[in-house]
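Asker: Pasting in a structure now, in structure tokens, and then I'll have a few things to ask.
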Number of protein chains: 2
Amino acid sequence: MPQETCLCIDLRTAANKLTQVYDQAMAPSGISVTQFSQLHTIQTLQGPTLKELAAASQLDRSTLGRNIRVLEKQGLVVTKTGHDARTRTIHLTAKGKQTFKNAVPLWLGVQSQLIERLGISGRGQLKDLLTTLTAPLAPNL
Amino acid sequence: MPQETCLCIDLRTAANKLTQVYDQAMAPSGISVTQFSQLHTIQTLQGPTLKELAAASQLDRSTLGRNIRVLEKQGLVVTKTGHDARTRTIHLTAKGKQTFKNAVPLWLGVQSQLIERLGISGRGQLKDLLTTLTAPLAPNL
DNA sequence: CTACATTATGGGTATATACACGCATTATTA
DNA sequence: TAATAATGCGTGTATATACCCATAATGTAG
């Protein structure tokens with residue numbers, strides 16, 4: 001009976017497809033687009049705790065902890081104990097910084113191509129629509 | 001250096017958030033929004049093979065096989081061997097049909113609420129933008 | 001009709017993701 | 001200061017997802 005397609009599935013499908021495109025383009029760098037994003041956030045936040053990084057990434061803490069473990073295994077980040085013995089702060093290694101740097105042009109290649117395709121207005125529209133969609137869900141971050 | 005947010009991450013984040021909202025709303029039915037979608041497609045395609053269902057869902061065949069196994073374990077679908085002994089066709093069980101039916105109003109509740117929020121034009125815009133974004137990737141389905 | 005190619009699927013492996021629960025550490029309050 | 005609350009993380013469990021390779025079944029060429 002639902003003759004309308006599901007908004008959620010539409011978004012999931014698009015996100016999956018897009019992820020494949022980004023990942024393929026970024027493959028030479030050795031990291032995926034999600035890892036690229038996480039490295040970027042870590043760099044920007046300069047040694048955030050897991051909680052801070054999770055909040056910034058809008059991901060569950062446990063999810064983030066596991067993602068970080070992968071990056072750690074690959075030698076891209078290290079974690080240290082912060083002032084508070086409960087917290088662990090996350091930092092890029094030299095290899096992590098270099099890997100990120102190498103990935104930037106690859107990321108930029110896909111990203112700018114897609115933005116060109118969308119047009120500036122389309123890009124803004126998309127952002128607004130996604131914000132509208134997700135606004136009711138996370139009003140308090 | 002990337003002062004622009006990543007389109008892919010934006011989409012992934014929105015999809016994650018939206019999934020949580022749908023799943024929460026549909027929790028009383030016992031199925032998630034992805035399962036709801038899959039049951040719907042199976043019903044529409046009337047006993048599709050794994051390959052057909054994967055194509056319709058725009059998912060990898062192996063992904064779909066595993067998703068189906070979960071539905072099978074929950075007694076919502078059964079698989080039979082088709083004419084061709086290689087293929088397996090997928091069918092809703094009575095429980096599967098009932099579960100889907102029960103889930104429809106829950107799905108509709110979230111969906112219509114979100115569409116109302118987007119507006120008719122916004123909904124169309126979003127669809128067009130997602131199509132534009134993913135068009136280069138899957139031009140041949 | 002047999003050797004080879006094609007097809008449909010399964011399994012191994014790996015990441016991404018979330019929720020619920022538990023544990024250790026820190027903060028608060030009595 | 002001692003008991004209690006709050007906080008930060010980790011783990012268990014489960015789904016969703018994809019890629020690569022193996023295997024069984026079917027189709028095709030010789």
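Residue names in the structure tokens use chain letters A, B, ... in the order shown, residue numbers from 1 in each chain, and ligand numbers from 1 in the order shown.
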Residues of chain B were defined as contacting chain A if any atom lay at most 6 Å from it, counting only C-alpha atoms; please report them as a PDB file with N, CA and C atoms, in the first residue's frame.
Answerer:
ATOM      1  N   CYS B   8      29.195  13.103   1.326  1.00  0.00           N
ATOM      2  CA  CYS B   8      28.957  11.704   1.675  1.00  0.00           C
ATOM      3  C   CYS B   8      28.684  11.552   3.159  1.00  0.00           C
ATOM      4  N   LEU B  11      25.297  12.879   4.088  1.00  0.00           N
ATOM      5  CA  LEU B  11      24.233  11.927   3.759  1.00  0.00           C
ATOM      6  C   LEU B  11      24.217  10.756   4.720  1.00  0.00           C
ATOM      7  N   ARG B  12      25.376  10.241   5.017  1.00  0.00           N
ATOM      8  CA  ARG B  12      25.455   9.111   5.947  1.00  0.00           C
ATOM      9  C   ARG B  12      24.876   9.495   7.306  1.00  0.00           C
ATOM     10  N   ALA B  15      21.173   9.778   7.128  1.00  0.00           N
ATOM     11  CA  ALA B  15      20.572   8.451   6.990  1.00  0.00           C
ATOM     12  C   ALA B  15      20.582   7.722   8.324  1.00  0.00           C
ATOM     13  N   LEU B  18      17.952   9.350  10.616  1.00  0.00           N
ATOM     14  CA  LEU B  18      16.615   9.036  10.144  1.00  0.00           C
ATOM     15  C   LEU B  18      16.279   7.580  10.448  1.00  0.00           C
TER      16      LEU B  18
END
Asker: So that I can see what lies close to C:DG10, please list as a list in words the residues with an atom at most 12 Å from it, counting only C-alpha atoms (C1' of nucleotides) and leaving out residues fewer than 4 positions away in the same chain.
Answerer: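 My reading of the contact set: Leu50, Arg61, Ser62, Thr63, Leu64, Gly65, Arg66, Arg69, Arg86, Thr87 and Arg88 of chain B; DC21, DA22, DT23 and DA24 of chain D.
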Asker: Residues of chain C within 9 Å of chain B, counting only C-alpha atoms (C1' of nucleotides), what are they? List them as a PyMOL selection string.
Answerer: chain C and resi 7-10+17-18
Asker: Could those residues be written to a file, using C-alpha atoms (C1' of nucleotides), as a PDB file, in the first residue's frame?
Answerer:
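Saved to again.pdb:
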ATOM      1  C1'  DT C   7      25.493 -17.745 -13.480  1.00  0.00           C
ATOM      2  C1'  DA C   8      23.503 -17.892  -8.634  1.00  0.00           C
ATOM      3  C1'  DT C   9      24.706 -18.265  -4.354  1.00  0.00           C
ATOM      4  C1'  DG C  10      27.473 -18.990   0.006  1.00  0.00           C
ATOM      5  C1'  DT C  17      26.556   1.236  13.365  1.00  0.00           C
ATOM      6  C1'  DA C  18      23.493   1.078  17.673  1.00  0.00           C
TER       7       DA C  18
END
Asker: Pull out every residue of chain D that has at least one atom within 9 Å of chain A, counting only C-alpha atoms (C1' of nucleotides), and report them as a ChimeraX atom specification.
Answerer: /D:7-10,17-18
Asker: Near D:DT4, within 10 Å and counting only C-alpha atoms (C1' of nucleotides), which residues show up once chain neighbours fewer than 6 positions away are dropped, as a PyMOL selection string?
Answerer: chain C and resi 28-30
Asker: Give me, as a list in words, the residues of stretch 6-101 of chain B that a backbone DSSP run labels strand (DSSP E or B).
Answerer: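 Here is the list: Thr49, Val77, Val78, Thr79, Lys80, Thr81, Arg88, Thr89, Ile90, His91 and Leu92 of chain B.
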